[in-house]
Amino acid sequence: MMKPYPTYRQREVLQFLMSGDWMPLLKLIAVGDRLVGNLVQAGWIERNPDVKTSALYRITEAGRAAYKTPVPIR
C-alpha cells in the first residue's frame, strides 16, 4: 500500500520532474522499474502515451501535491 506522501527516493524523482516537461527519466537518473511503476500507479507521474516516445515521463498535479506533503514525524 502506498503512503499518502512520497518516500525520500520518490521525492527525488518528483523533484527531478518538477519542470513539468516530458523527460527520459530512466536515462537521466538511476531509477528502477519498480519505483517508476509505483509512481505511475499512485498517479504522481505519467508516461507519454505516444509509442515513439513512451520512455518519457512527467509529473502530474497529484505528484506536485504529494511532493509538497510533509513527511510525518513520529
# chains A, B, ... in the order shown; residues from 1 in each chain; ligands from 1

$ residues_around --residues "A:Met23" --least-positions-apart "3" --cutoff "7 Å" --atoms "only C-alpha atoms" --output "ChimeraX atom specification"
/A:56-58

$ select_by_dssp --residues "chain A" --states "helix (DSSP H, G or I)" --output "ChimeraX atom specification"
/A:8-16,25-28,33-42,51-53,61-68

$ closest_residue --among "A:Ala30, A:Leu35, A:Gly20, A:Pro6" --to "A:Thr60" --atoms "only C-alpha atoms"
A:Gly20

$ atom_distance --atom1 "atom CA of A:Val71" --atom2 "atom CA of A:Asp33"
23.8 Å

$ residues_around --residues "A:Gly43" --least-positions-apart "6" --cutoff "9 Å" --atoms "only C-alpha atoms" --output "PDB file with C-alpha atoms, in the first residue's frame"
ATOM      1  CA  ILE A  59       4.947  14.906 -13.034  1.00  0.00           C
ATOM      2  CA  THR A  60       1.175  15.227 -12.581  1.00  0.00           C
ATOM      3  CA  GLU A  61      -0.714  17.748 -10.428  1.00  0.00           C
ATOM      4  CA  ALA A  62      -1.227  14.936  -7.901  1.00  0.00           C
ATOM      5  CA  GLY A  63       2.548  14.439  -7.923  1.00  0.00           C
TER       6      GLY A  63
END

$ atom_distance --atom1 "atom CA of A:Gly32" --atom2 "atom CA of A:Gln10"
11.0 Å

$ closest_residue --among "A:Ala55, A:Phe16, A:Ala65, A:Arg11" --to "A:Leu39" --atoms "only C-alpha atoms"
A:Arg11

$ select_by_dssp --residues "chain A" --states "strand (DSSP E or B)" --output "ChimeraX atom specification"
/A:23,45-47,57-59

$ write_last_selection --atoms "N, CA, C and O atoms" --output "JSON list (two decimals), in the first residue's frame"
[["chain", "number", "residue", "atom", "x", "y", "z"],
["A", 23, "MET", "N", 10.39, 14.04, -19.77],
["A", 23, "MET", "CA", 11.82, 13.77, -19.61],
["A", 23, "MET", "C", 12.08, 12.27, -19.70],
["A", 23, "MET", "O", 11.28, 11.47, -19.23],
["A", 45, "ILE", "N", 3.21, 10.49, -11.40],
["A", 45, "ILE", "CA", 3.86, 10.77, -12.68],
["A", 45, "ILE", "C", 3.05, 10.06, -13.76],
["A", 45, "ILE", "O", 2.26, 9.16, -13.47],
["A", 46, "GLU", "N", 3.25, 10.49, -15.00],
["A", 46, "GLU", "CA", 2.58, 9.82, -16.11],
["A", 46, "GLU", "C", 3.58, 9.56, -17.23],
["A", 46, "GLU", "O", 4.56, 10.27, -17.37],
["A", 47, "ARG", "N", 3.30, 8.49, -17.96],
["A", 47, "ARG", "CA", 4.14, 8.11, -19.09],
["A", 47, "ARG", "C", 3.54, 8.68, -20.36],
["A", 47, "ARG", "O", 2.32, 8.70, -20.52],
["A", 57, "TYR", "N", 8.56, 10.68, -19.24],
["A", 57, "TYR", "CA", 7.65, 10.83, -18.10],
["A", 57, "TYR", "C", 7.57, 12.29, -17.70],
["A", 57, "TYR", "O", 8.48, 13.07, -17.97],
["A", 58, "ARG", "N", 6.45, 12.65, -17.02],
["A", 58, "ARG", "CA", 6.33, 13.98, -16.43],
["A", 58, "ARG", "C", 5.51, 13.87, -15.15],
["A", 58, "ARG", "O", 4.75, 12.92, -14.95],
["A", 59, "ILE", "N", 5.67, 14.87, -14.30],
["A", 59, "ILE", "CA", 4.95, 14.91, -13.03],
["A", 59, "ILE", "C", 3.50, 15.34, -13.29],
["A", 59, "ILE", "O", 3.23, 16.10, -14.23]]

$ atom_distance --atom1 "atom CA of A:Pro4" --atom2 "atom CA of A:Trp44"
10.8 Å
